>>> print(open('data_9.pdb').read())   # PDB, C-alpha atoms
ATOM      1  CA  MET P   1      -2.993  35.113 -20.085  1.00  0.00           C
ATOM      2  CA  ASP P   2      -5.602  36.614 -17.737  1.00  0.00           C
ATOM      3  CA  VAL P   3      -8.266  34.355 -19.274  1.00  0.00           C
ATOM      4  CA  GLU P   4      -6.028  31.322 -18.677  1.00  0.00           C
ATOM      5  CA  ARG P   5      -5.359  32.375 -15.087  1.00  0.00           C
ATOM      6  CA  GLU P   6      -9.079  32.909 -14.514  1.00  0.00           C
ATOM      7  CA  HIS P   7      -9.787  29.472 -15.995  1.00  0.00           C
ATOM      8  CA  ASP P   8      -7.174  27.909 -13.661  1.00  0.00           C
ATOM      9  CA  GLN P   9      -8.712  29.616 -10.644  1.00  0.00           C
ATOM     10  CA  THR P  10     -12.203  28.534 -11.685  1.00  0.00           C
ATOM     11  CA  TYR P  11     -10.949  24.998 -12.261  1.00  0.00           C
ATOM     12  CA  GLN P  12      -9.168  24.919  -8.901  1.00  0.00           C
ATOM     13  CA  ALA P  13     -12.234  26.253  -7.100  1.00  0.00           C
ATOM     14  CA  ALA P  14     -14.333  23.577  -8.802  1.00  0.00           C
ATOM     15  CA  GLU P  15     -11.816  20.910  -7.764  1.00  0.00           C
ATOM     16  CA  VAL P  16     -11.907  22.079  -4.129  1.00  0.00           C
ATOM     17  CA  GLN P  17     -15.710  22.023  -4.228  1.00  0.00           C
ATOM     18  CA  ARG P  18     -15.682  18.526  -5.729  1.00  0.00           C
ATOM     19  CA  LEU P  19     -13.372  17.284  -2.973  1.00  0.00           C
ATOM     20  CA  ALA P  20     -15.447  18.959  -0.263  1.00  0.00           C
ATOM     21  CA  ASN P  21     -18.632  17.396  -1.660  1.00  0.00           C
ATOM     22  CA  GLY P  22     -16.914  14.031  -1.809  1.00  0.00           C
ATOM     23  CA  LEU P  23     -16.067  14.226   1.890  1.00  0.00           C
ATOM     24  CA  ASP P  24     -19.482  15.544   3.007  1.00  0.00           C
ATOM     25  CA  PRO P  25     -21.238  12.700   4.869  1.00  0.00           C
ATOM     26  CA  ARG P  26     -24.611  14.446   5.067  1.00  0.00           C
ATOM     27  CA  GLY P  27     -27.337  12.543   3.261  1.00  0.00           C
ATOM     28  CA  ARG P  28     -25.138   9.470   2.899  1.00  0.00           C
ATOM     29  CA  GLY P  29     -24.923   6.154   4.709  1.00  0.00           C
ATOM     30  CA  LEU P  30     -23.447   5.330   8.092  1.00  0.00           C
ATOM     31  CA  GLY P  31     -20.308   4.083   6.384  1.00  0.00           C
ATOM     32  CA  MET P  32     -19.512   7.539   5.046  1.00  0.00           C
ATOM     33  CA  TRP P  33     -19.831   9.021   8.548  1.00  0.00           C
ATOM     34  CA  ALA P  34     -17.438   6.347   9.786  1.00  0.00           C
ATOM     35  CA  PHE P  35     -15.000   7.150   6.962  1.00  0.00           C
ATOM     36  CA  VAL P  36     -15.012  10.877   7.722  1.00  0.00           C
ATOM     37  CA  ALA P  37     -14.725  10.269  11.482  1.00  0.00           C
ATOM     38  CA  HIS P  38     -11.809   7.923  10.812  1.00  0.00           C
ATOM     39  CA  ARG P  39      -9.988  10.544   8.779  1.00  0.00           C
ATOM     40  CA  ILE P  40     -10.658  13.414  11.188  1.00  0.00           C
ATOM     41  CA  THR P  41      -9.534  11.392  14.227  1.00  0.00           C
ATOM     42  CA  GLY P  42      -6.524  10.177  12.254  1.00  0.00           C
ATOM     43  CA  ILE P  43      -5.410  13.730  11.520  1.00  0.00           C
ATOM     44  CA  GLY P  44      -6.045  14.681  15.148  1.00  0.00           C
ATOM     45  CA  LEU P  45      -3.927  11.772  16.345  1.00  0.00           C
ATOM     46  CA  VAL P  46      -1.074  12.708  13.996  1.00  0.00           C
ATOM     47  CA  VAL P  47      -1.105  16.240  15.445  1.00  0.00           C
ATOM     48  CA  TYR P  48      -1.146  14.746  18.952  1.00  0.00           C
ATOM     49  CA  LEU P  49       1.758  12.433  18.084  1.00  0.00           C
ATOM     50  CA  LEU P  50       3.911  15.353  16.959  1.00  0.00           C
ATOM     51  CA  LEU P  51       2.962  17.392  20.045  1.00  0.00           C
ATOM     52  CA  HIS P  52       3.625  14.397  22.290  1.00  0.00           C
ATOM     53  CA  LEU P  53       7.137  13.976  20.911  1.00  0.00           C
ATOM     54  CA  LEU P  54       7.730  17.696  21.269  1.00  0.00           C
ATOM     55  CA  VAL P  55       6.417  17.849  24.835  1.00  0.00           C
ATOM     56  CA  LEU P  56       8.451  14.821  25.897  1.00  0.00           C
ATOM     57  CA  SER P  57      11.556  16.854  25.104  1.00  0.00           C
ATOM     58  CA  VAL P  58      11.170  18.249  28.644  1.00  0.00           C
ATOM     59  CA  LEU P  59      12.571  14.918  29.764  1.00  0.00           C
ATOM     60  CA  ALA P  60      15.892  16.044  28.326  1.00  0.00           C
ATOM     61  CA  GLN P  61      15.860  18.877  30.889  1.00  0.00           C
ATOM     62  CA  GLY P  62      15.986  16.417  33.759  1.00  0.00           C
ATOM     63  CA  PRO P  63      13.769  16.138  36.885  1.00  0.00           C
ATOM     64  CA  HIS P  64      12.886  19.838  37.139  1.00  0.00           C
ATOM     65  CA  GLY P  65      11.512  20.037  33.594  1.00  0.00           C
ATOM     66  CA  TRP P  66       9.532  16.815  33.961  1.00  0.00           C
ATOM     67  CA  ASP P  67       8.019  17.706  37.348  1.00  0.00           C
ATOM     68  CA  SER P  68       6.822  21.068  36.017  1.00  0.00           C
ATOM     69  CA  PHE P  69       5.209  19.357  33.044  1.00  0.00           C
ATOM     70  CA  VAL P  70       3.442  16.740  35.204  1.00  0.00           C
ATOM     71  CA  ALA P  71       1.986  19.545  37.370  1.00  0.00           C
ATOM     72  CA  LEU P  72       0.623  21.170  34.201  1.00  0.00           C
ATOM     73  CA  ALA P  73      -0.691  17.858  32.842  1.00  0.00           C
ATOM     74  CA  ARG P  74      -2.804  17.321  35.942  1.00  0.00           C
ATOM     75  CA  THR P  75      -4.744  20.577  35.504  1.00  0.00           C
ATOM     76  CA  PRO P  76      -8.464  20.217  34.557  1.00  0.00           C
ATOM     77  CA  VAL P  77      -7.948  21.566  31.024  1.00  0.00           C
ATOM     78  CA  PHE P  78      -5.369  18.899  30.269  1.00  0.00           C
ATOM     79  CA  LEU P  79      -7.510  16.180  31.820  1.00  0.00           C
ATOM     80  CA  VAL P  80     -10.378  17.177  29.495  1.00  0.00           C
ATOM     81  CA  LEU P  81      -7.957  17.072  26.558  1.00  0.00           C
ATOM     82  CA  ASP P  82      -6.917  13.584  27.706  1.00  0.00           C
ATOM     83  CA  VAL P  83     -10.554  12.469  27.476  1.00  0.00           C
ATOM     84  CA  VAL P  84     -10.820  13.963  23.970  1.00  0.00           C
ATOM     85  CA  LEU P  85      -7.633  12.094  23.046  1.00  0.00           C
ATOM     86  CA  ILE P  86      -9.018   8.798  24.369  1.00  0.00           C
ATOM     87  CA  ALA P  87     -12.252   9.387  22.405  1.00  0.00           C
ATOM     88  CA  GLY P  88     -10.321   9.990  19.195  1.00  0.00           C
ATOM     89  CA  THR P  89      -8.133   6.942  19.790  1.00  0.00           C
ATOM     90  CA  LEU P  90     -11.134   4.692  20.462  1.00  0.00           C
ATOM     91  CA  ILE P  91     -13.029   5.905  17.379  1.00  0.00           C
ATOM     92  CA  HIS P  92     -10.016   5.580  15.108  1.00  0.00           C
ATOM     93  CA  GLY P  93      -8.797   2.298  16.598  1.00  0.00           C
ATOM     94  CA  LEU P  94     -12.067   0.409  16.734  1.00  0.00           C
ATOM     95  CA  ASN P  95     -13.228   1.629  13.326  1.00  0.00           C
ATOM     96  CA  GLY P  96      -9.790   0.676  12.054  1.00  0.00           C
ATOM     97  CA  VAL P  97     -10.359  -2.866  13.286  1.00  0.00           C
ATOM     98  CA  ARG P  98     -13.643  -2.952  11.344  1.00  0.00           C
ATOM     99  CA  VAL P  99     -11.931  -1.603   8.202  1.00  0.00           C
ATOM    100  CA  ALA P 100      -9.066  -4.112   8.502  1.00  0.00           C
ATOM    101  CA  LEU P 101     -11.440  -7.044   8.960  1.00  0.00           C
ATOM    102  CA  THR P 102     -13.762  -6.080   6.115  1.00  0.00           C
ATOM    103  CA  GLY P 103     -10.741  -5.320   3.937  1.00  0.00           C
ATOM    104  CA  MET P 104      -9.647  -8.898   4.445  1.00  0.00           C
ATOM    105  CA  GLY P 105     -13.131 -10.165   3.613  1.00  0.00           C
ATOM    106  CA  PHE P 106     -14.491 -10.795   7.096  1.00  0.00           C
ATOM    107  CA  GLY P 107     -17.950  -9.595   8.093  1.00  0.00           C
ATOM    108  CA  LEU P 108     -18.752  -7.954   4.774  1.00  0.00           C
ATOM    109  CA  ARG P 109     -22.476  -8.463   5.270  1.00  0.00           C
ATOM    110  CA  HIS P 110     -22.413  -7.292   8.878  1.00  0.00           C
ATOM    111  CA  GLN P 111     -20.704  -3.932   8.605  1.00  0.00           C
ATOM    112  CA  ARG P 112     -23.580  -1.862   9.957  1.00  0.00           C
ATOM    113  CA  PRO P 113     -24.155  -3.966  13.116  1.00  0.00           C
ATOM    114  CA  ALA P 114     -20.370  -4.174  13.592  1.00  0.00           C
ATOM    115  CA  LEU P 115     -20.123  -0.391  13.399  1.00  0.00           C
ATOM    116  CA  VAL P 116     -22.978   0.060  15.872  1.00  0.00           C
ATOM    117  CA  ALA P 117     -21.510  -2.531  18.264  1.00  0.00           C
ATOM    118  CA  LEU P 118     -18.040  -0.966  18.142  1.00  0.00           C
ATOM    119  CA  THR P 119     -19.524   2.474  18.750  1.00  0.00           C
ATOM    120  CA  ILE P 120     -21.226   1.160  21.890  1.00  0.00           C
ATOM    121  CA  VAL P 121     -17.956  -0.462  23.045  1.00  0.00           C
ATOM    122  CA  ALA P 122     -16.128   2.824  22.424  1.00  0.00           C
ATOM    123  CA  ALA P 123     -18.731   4.780  24.408  1.00  0.00           C
ATOM    124  CA  ILE P 124     -18.482   2.426  27.389  1.00  0.00           C
ATOM    125  CA  ALA P 125     -14.679   2.458  27.305  1.00  0.00           C
ATOM    126  CA  LEU P 126     -14.668   6.249  27.073  1.00  0.00           C
ATOM    127  CA  VAL P 127     -16.931   6.652  30.104  1.00  0.00           C
ATOM    128  CA  TYR P 128     -14.671   4.301  32.090  1.00  0.00           C
ATOM    129  CA  ALA P 129     -11.511   6.120  30.947  1.00  0.00           C
ATOM    130  CA  ALA P 130     -12.989   9.531  31.800  1.00  0.00           C
ATOM    131  CA  HIS P 131     -13.922   8.256  35.260  1.00  0.00           C
ATOM    132  CA  ARG P 132     -10.377   6.942  35.846  1.00  0.00           C
ATOM    133  CA  ILE P 133      -8.795  10.152  34.532  1.00  0.00           C
ATOM    134  CA  PHE P 134     -10.818  12.445  36.779  1.00  0.00           C
ATOM    135  CA  THR P 135     -10.769  10.306  39.919  1.00  0.00           C
ATOM    136  CA  SER P 136      -7.164   9.054  39.978  1.00  0.00           C
TER     137      SER P 136
ATOM    138  CA  MET A   1       7.112  -4.441 -17.597  1.00  0.00           C
ATOM    139  CA  ASN A   2       5.331  -5.703 -14.543  1.00  0.00           C
ATOM    140  CA  HIS A   3       1.894  -4.083 -14.699  1.00  0.00           C
ATOM    141  CA  ALA A   4       0.937  -5.722 -11.427  1.00  0.00           C
ATOM    142  CA  ALA A   5       3.790  -3.998  -9.565  1.00  0.00           C
ATOM    143  CA  PRO A   6       1.878  -0.796  -8.591  1.00  0.00           C
ATOM    144  CA  HIS A   7      -1.043  -2.928  -7.385  1.00  0.00           C
ATOM    145  CA  ASN A   8       1.336  -5.138  -5.404  1.00  0.00           C
ATOM    146  CA  LYS A   9       2.883  -2.089  -3.777  1.00  0.00           C
ATOM    147  CA  ALA A  10      -0.523  -0.654  -2.920  1.00  0.00           C
ATOM    148  CA  GLY A  11      -1.605  -3.992  -1.500  1.00  0.00           C
ATOM    149  CA  LEU A  12       1.558  -4.259   0.558  1.00  0.00           C
ATOM    150  CA  ARG A  13       1.050  -0.716   1.892  1.00  0.00           C
ATOM    151  CA  TRP A  14      -2.513  -1.600   2.891  1.00  0.00           C
ATOM    152  CA  LEU A  15      -1.289  -4.720   4.690  1.00  0.00           C
ATOM    153  CA  VAL A  16       1.382  -2.738   6.551  1.00  0.00           C
ATOM    154  CA  GLN A  17      -1.213  -0.126   7.469  1.00  0.00           C
ATOM    155  CA  ALA A  18      -3.715  -2.713   8.724  1.00  0.00           C
ATOM    156  CA  GLY A  19      -1.061  -4.797  10.457  1.00  0.00           C
ATOM    157  CA  SER A  20       0.539  -1.831  12.207  1.00  0.00           C
ATOM    158  CA  GLY A  21      -2.920  -0.668  13.255  1.00  0.00           C
ATOM    159  CA  LEU A  22      -3.766  -3.979  14.883  1.00  0.00           C
ATOM    160  CA  LEU A  23      -0.318  -4.074  16.535  1.00  0.00           C
ATOM    161  CA  LEU A  24      -0.898  -0.546  17.806  1.00  0.00           C
ATOM    162  CA  LEU A  25      -4.092  -1.569  19.556  1.00  0.00           C
ATOM    163  CA  VAL A  26      -2.076  -3.953  21.725  1.00  0.00           C
ATOM    164  CA  LEU A  27       0.952  -1.705  22.172  1.00  0.00           C
ATOM    165  CA  LEU A  28      -1.115   1.388  22.974  1.00  0.00           C
ATOM    166  CA  CYS A  29      -3.106  -0.486  25.622  1.00  0.00           C
ATOM    167  CA  LEU A  30       0.145  -1.658  27.224  1.00  0.00           C
ATOM    168  CA  HIS A  31       1.619   1.861  26.962  1.00  0.00           C
ATOM    169  CA  ILE A  32      -1.386   3.511  28.627  1.00  0.00           C
ATOM    170  CA  ILE A  33      -1.684   0.863  31.334  1.00  0.00           C
ATOM    171  CA  ALA A  34       2.045   0.938  32.125  1.00  0.00           C
ATOM    172  CA  ASN A  35       2.283   4.739  32.130  1.00  0.00           C
ATOM    173  CA  HIS A  36      -0.848   5.487  34.086  1.00  0.00           C
ATOM    174  CA  PHE A  37      -2.057   2.477  36.049  1.00  0.00           C
ATOM    175  CA  VAL A  38       0.874   0.243  37.126  1.00  0.00           C
ATOM    176  CA  VAL A  39       2.559   2.781  39.386  1.00  0.00           C
ATOM    177  CA  PRO A  40      -0.100   4.366  41.677  1.00  0.00           C
ATOM    178  CA  GLY A  41      -0.924   7.699  40.080  1.00  0.00           C
ATOM    179  CA  GLY A  42       1.115   6.882  36.994  1.00  0.00           C
ATOM    180  CA  LEU A  43       4.710   7.830  36.110  1.00  0.00           C
ATOM    181  CA  GLN A  44       4.763  11.019  38.150  1.00  0.00           C
ATOM    182  CA  THR A  45       8.422  11.637  38.846  1.00  0.00           C
ATOM    183  CA  TYR A  46      11.474  11.723  36.628  1.00  0.00           C
ATOM    184  CA  ALA A  47      12.885   8.790  38.600  1.00  0.00           C
ATOM    185  CA  ASP A  48       9.746   6.774  37.767  1.00  0.00           C
ATOM    186  CA  VAL A  49      10.298   7.447  34.062  1.00  0.00           C
ATOM    187  CA  VAL A  50      13.985   6.491  34.192  1.00  0.00           C
ATOM    188  CA  ARG A  51      13.204   3.296  36.101  1.00  0.00           C
ATOM    189  CA  TYR A  52      10.419   2.450  33.643  1.00  0.00           C
ATOM    190  CA  LEU A  53      12.512   2.976  30.506  1.00  0.00           C
ATOM    191  CA  SER A  54      15.521   1.132  31.999  1.00  0.00           C
ATOM    192  CA  ASN A  55      13.562  -2.124  31.839  1.00  0.00           C
ATOM    193  CA  PRO A  56      14.732  -3.857  28.590  1.00  0.00           C
ATOM    194  CA  VAL A  57      11.287  -5.322  27.874  1.00  0.00           C
ATOM    195  CA  VAL A  58       9.668  -1.897  28.275  1.00  0.00           C
ATOM    196  CA  LEU A  59      12.336  -0.315  26.093  1.00  0.00           C
ATOM    197  CA  ILE A  60      11.699  -2.786  23.274  1.00  0.00           C
ATOM    198  CA  LEU A  61       7.923  -2.316  23.534  1.00  0.00           C
ATOM    199  CA  GLU A  62       8.174   1.478  23.550  1.00  0.00           C
ATOM    200  CA  MET A  63      10.526   1.552  20.549  1.00  0.00           C
ATOM    201  CA  THR A  64       8.240  -0.861  18.698  1.00  0.00           C
ATOM    202  CA  LEU A  65       5.300   1.396  19.528  1.00  0.00           C
ATOM    203  CA  LEU A  66       7.197   4.423  18.219  1.00  0.00           C
ATOM    204  CA  VAL A  67       8.072   2.730  14.921  1.00  0.00           C
ATOM    205  CA  ALA A  68       4.565   1.282  14.476  1.00  0.00           C
ATOM    206  CA  VAL A  69       2.730   4.512  15.231  1.00  0.00           C
ATOM    207  CA  THR A  70       5.060   6.600  13.055  1.00  0.00           C
ATOM    208  CA  GLY A  71       4.727   4.224  10.109  1.00  0.00           C
ATOM    209  CA  HIS A  72       0.961   3.970  10.519  1.00  0.00           C
ATOM    210  CA  ALA A  73       0.614   7.741  10.784  1.00  0.00           C
ATOM    211  CA  ALA A  74       2.807   8.395   7.740  1.00  0.00           C
ATOM    212  CA  LEU A  75       0.876   5.903   5.602  1.00  0.00           C
ATOM    213  CA  GLY A  76      -2.418   7.377   6.803  1.00  0.00           C
ATOM    214  CA  VAL A  77      -1.432  10.945   5.959  1.00  0.00           C
ATOM    215  CA  ARG A  78      -0.125   9.696   2.603  1.00  0.00           C
ATOM    216  CA  ALA A  79      -3.493   8.077   1.846  1.00  0.00           C
ATOM    217  CA  ILE A  80      -5.367  11.295   2.673  1.00  0.00           C
ATOM    218  CA  LEU A  81      -3.047  13.415   0.524  1.00  0.00           C
ATOM    219  CA  PHE A  82      -3.187  10.980  -2.392  1.00  0.00           C
ATOM    220  CA  ASP A  83      -6.983  11.095  -2.297  1.00  0.00           C
ATOM    221  CA  LEU A  84      -6.680  14.784  -3.192  1.00  0.00           C
ATOM    222  CA  GLY A  85      -5.526  13.664  -6.631  1.00  0.00           C
ATOM    223  CA  LEU A  86      -1.808  14.322  -6.712  1.00  0.00           C
ATOM    224  CA  SER A  87       0.288  14.190  -9.864  1.00  0.00           C
ATOM    225  CA  ARG A  88       2.831  11.385 -10.118  1.00  0.00           C
ATOM    226  CA  GLU A  89       5.691  13.732  -9.276  1.00  0.00           C
ATOM    227  CA  ALA A  90       3.841  15.335  -6.361  1.00  0.00           C
ATOM    228  CA  GLY A  91       2.980  11.867  -5.069  1.00  0.00           C
ATOM    229  CA  ARG A  92       6.629  10.851  -5.141  1.00  0.00           C
ATOM    230  CA  ASN A  93       7.628  14.022  -3.282  1.00  0.00           C
ATOM    231  CA  VAL A  94       4.907  13.483  -0.664  1.00  0.00           C
ATOM    232  CA  SER A  95       6.006   9.885  -0.102  1.00  0.00           C
ATOM    233  CA  LEU A  96       9.633  10.958   0.219  1.00  0.00           C
ATOM    234  CA  ALA A  97       8.830  13.813   2.603  1.00  0.00           C
ATOM    235  CA  LEU A  98       6.675  11.620   4.835  1.00  0.00           C
ATOM    236  CA  GLY A  99       9.294   8.901   4.858  1.00  0.00           C
ATOM    237  CA  MET A 100      11.960  11.344   5.937  1.00  0.00           C
ATOM    238  CA  LEU A 101       9.694  12.899   8.554  1.00  0.00           C
ATOM    239  CA  GLY A 102       9.015   9.424   9.925  1.00  0.00           C
ATOM    240  CA  ILE A 103      12.710   8.606  10.129  1.00  0.00           C
ATOM    241  CA  VAL A 104      13.402  11.890  11.927  1.00  0.00           C
ATOM    242  CA  ALA A 105      10.569  11.230  14.398  1.00  0.00           C
ATOM    243  CA  VAL A 106      11.803   7.721  15.227  1.00  0.00           C
ATOM    244  CA  ALA A 107      15.425   8.886  15.482  1.00  0.00           C
ATOM    245  CA  TYR A 108      14.406  11.731  17.783  1.00  0.00           C
ATOM    246  CA  GLY A 109      12.385   9.391  20.002  1.00  0.00           C
ATOM    247  CA  ALA A 110      15.279   6.937  20.204  1.00  0.00           C
ATOM    248  CA  TRP A 111      17.731   9.745  21.026  1.00  0.00           C
ATOM    249  CA  LEU A 112      15.462  11.169  23.741  1.00  0.00           C
ATOM    250  CA  THR A 113      15.021   7.719  25.284  1.00  0.00           C
ATOM    251  CA  SER A 114      18.760   7.073  25.334  1.00  0.00           C
ATOM    252  CA  LYS A 115      19.336  10.481  26.913  1.00  0.00           C
ATOM    253  CA  VAL A 116      16.802   9.770  29.672  1.00  0.00           C
ATOM    254  CA  ILE A 117      18.222   6.316  30.413  1.00  0.00           C
ATOM    255  CA  GLY A 118      21.803   7.478  30.175  1.00  0.00           C
ATOM    256  CA  GLY A 119      21.181  10.374  32.529  1.00  0.00           C
TER     257      GLY A 119
END
>>> encode(input="data_9.pdb", output="structure tokens")
Amino acid sequence: MDVEREHDQTYQAAEVQRLANGLDPRGRGLGMWAFVAHRITGIGLVVYLLLHLLVLSVLAQGPHGWDSFVALARTPVFLVLDVVLIAGTLIHGLNGVRVALTGMGFGLRHQRPALVALTIVAAIALVYAAHRIFTS
Amino acid sequence: MNHAAPHNKAGLRWLVQAGSGLLLLVLLCLHIIANHFVVPGGLQTYADVVRYLSNPVVLILEMTLLVAVTGHAALGVRAILFDLGLSREAGRNVSLALGMLGIVAVAYGAWLTSKVIGG
């Protein structure tokens, strides 16, 4: 029984290692970095979505609850988090466009330049968004 | 037995994922612009929010955004979890749980919106 349990634990540890290695983009192509970034930003956006729904519950408290929240949302920490959110959305969204197009057979031979171009677009959009967030 | 059925389902899920993603690009842009740039300074007061959500066109767009983002998120999380190598039974349970979580999220968003509009 103990030998079986030890085998299970060894097997599970090996499985975790295999998965971790499979998701490690180091030493691999640009596409793997894009895949990992897509997944990480996706998970981040899911967490944000749940928090967003939760936070919006202050609306149910009426004007007082909402006004207090808006005051908090305009603090520097939250503004920085807004920029991080925009960055995650741009990375996930624009890479998603590339994945959708290549998945449908468009631009299969131009994936690397498409990825580079979309990264540049995302960087420009992020700088603009950060400027608007901190100066509005 | 239709051996192509699992592949058809997977293909359909991919199409829904890609389609909802492309739809989200448009809806999210509209959502961000409307919430932060149309009214000077964005939707600052509770009255701004009520006025905004009382517009039927806005209401339809926001509900569509909620459904699209919830579906896209649920399918995305499902894809990540399935890549971990789930058993058939675990996969079914994951799909069911995510589906239910999605329904709860959309229902909650719809309830909150109706509460805000209704006052």
>>> interface_residues(input="data_9.pdb", of="chain A", to="chain P", cutoff="8 Å", atoms="all atoms listed in the file", output="list in words")
Ala18, Gly21, Leu22, Leu25, Gly41, Gln44, Thr45, Tyr46, Ala47, Ala73, Gly76, Val77, Ile80, Leu84, Ala105, Gly109, Leu112, Lys115 and Val116 of chain A
>>> residues_around(input="data_9.pdb", residues="range 10-16 of chain A", least_positions_apart="6", cutoff="9 Å", atoms="only C-alpha atoms", output="PDB file with C-alpha atoms, in the frame of the given file")
ATOM      1  CA  ALA P 100      -9.066  -4.112   8.502  1.00  0.00           C
TER       2      ALA P 100
ATOM      3  CA  GLY A  71       4.727   4.224  10.109  1.00  0.00           C
ATOM      4  CA  HIS A  72       0.961   3.970  10.519  1.00  0.00           C
ATOM      5  CA  LEU A  75       0.876   5.903   5.602  1.00  0.00           C
TER       6      LEU A  75
END
>>> resolve_selection(input="data_9.pdb", expression="the PyMOL selection byres ((chain A and resi 62) around 10)", output="VMD selection string")
chain A and resid 27 to 28 30 to 31 53 56 to 61 63 to 68 109 to 110 113
>>> residues_around(input="data_9.pdb", residues="Ala114 in chain P", least_positions_apart="4", cutoff="12 Å", atoms="all atoms listed in the file", output="NGL selection string")
:P and (30-31 or 34 or 94-99 or 101-102 or 106-110 or 118-121)
>>> residues_around(input="data_9.pdb", residues="Val83 in chain P", least_positions_apart="6", cutoff="8 Å", atoms="all atoms listed in the file", output="ChimeraX atom specification")
/P:126,129-130,133
>>> closest_residue(input="data_9.pdb", among="A:His36, A:Arg78, A:Lys9, A:Arg51", to="Gly99 in chain A", atoms="only C-alpha atoms")
A:Arg78
>>> atom_distance(input="data_9.pdb", atom1="CA of Pro113 in chain P", atom2="CA of Asp24 in chain P")
22.5 Å
>>> decode(input="data_9.pdb", residues="range 98-119 of chain P", atoms="C-alpha atoms", output="PDB file, in the first residue's frame")
ATOM      1  CA  ARG P  98      -3.914  36.567 -34.607  1.00  0.00           C
ATOM      2  CA  VAL P  99      -4.909  33.128 -33.264  1.00  0.00           C
ATOM      3  CA  ALA P 100      -8.433  33.415 -34.713  1.00  0.00           C
ATOM      4  CA  LEU P 101      -7.138  34.456 -38.131  1.00  0.00           C
ATOM      5  CA  THR P 102      -4.455  31.777 -38.335  1.00  0.00           C
ATOM      6  CA  GLY P 103      -6.937  29.222 -37.012  1.00  0.00           C
ATOM      7  CA  MET P 104      -9.134  30.023 -39.977  1.00  0.00           C
ATOM      8  CA  GLY P 105      -6.182  29.713 -42.348  1.00  0.00           C
ATOM      9  CA  PHE P 106      -5.314  33.368 -42.858  1.00  0.00           C
ATOM     10  CA  GLY P 107      -1.723  34.577 -42.637  1.00  0.00           C
ATOM     11  CA  LEU P 108      -0.236  31.192 -41.810  1.00  0.00           C
ATOM     12  CA  ARG P 109       3.099  32.132 -43.351  1.00  0.00           C
ATOM     13  CA  HIS P 110       3.178  35.553 -41.713  1.00  0.00           C
ATOM     14  CA  GLN P 111       2.637  34.716 -38.068  1.00  0.00           C
ATOM     15  CA  ARG P 112       5.927  36.112 -36.799  1.00  0.00           C
ATOM     16  CA  PRO P 113       5.607  39.536 -38.505  1.00  0.00           C
ATOM     17  CA  ALA P 114       1.928  39.634 -37.483  1.00  0.00           C
ATOM     18  CA  LEU P 115       2.899  38.979 -33.872  1.00  0.00           C
ATOM     19  CA  VAL P 116       5.587  41.669 -33.963  1.00  0.00           C
ATOM     20  CA  ALA P 117       3.229  44.178 -35.615  1.00  0.00           C
ATOM     21  CA  LEU P 118       0.444  43.513 -33.103  1.00  0.00           C
ATOM     22  CA  THR P 119       2.895  43.870 -30.228  1.00  0.00           C
TER      23      THR P 119
END
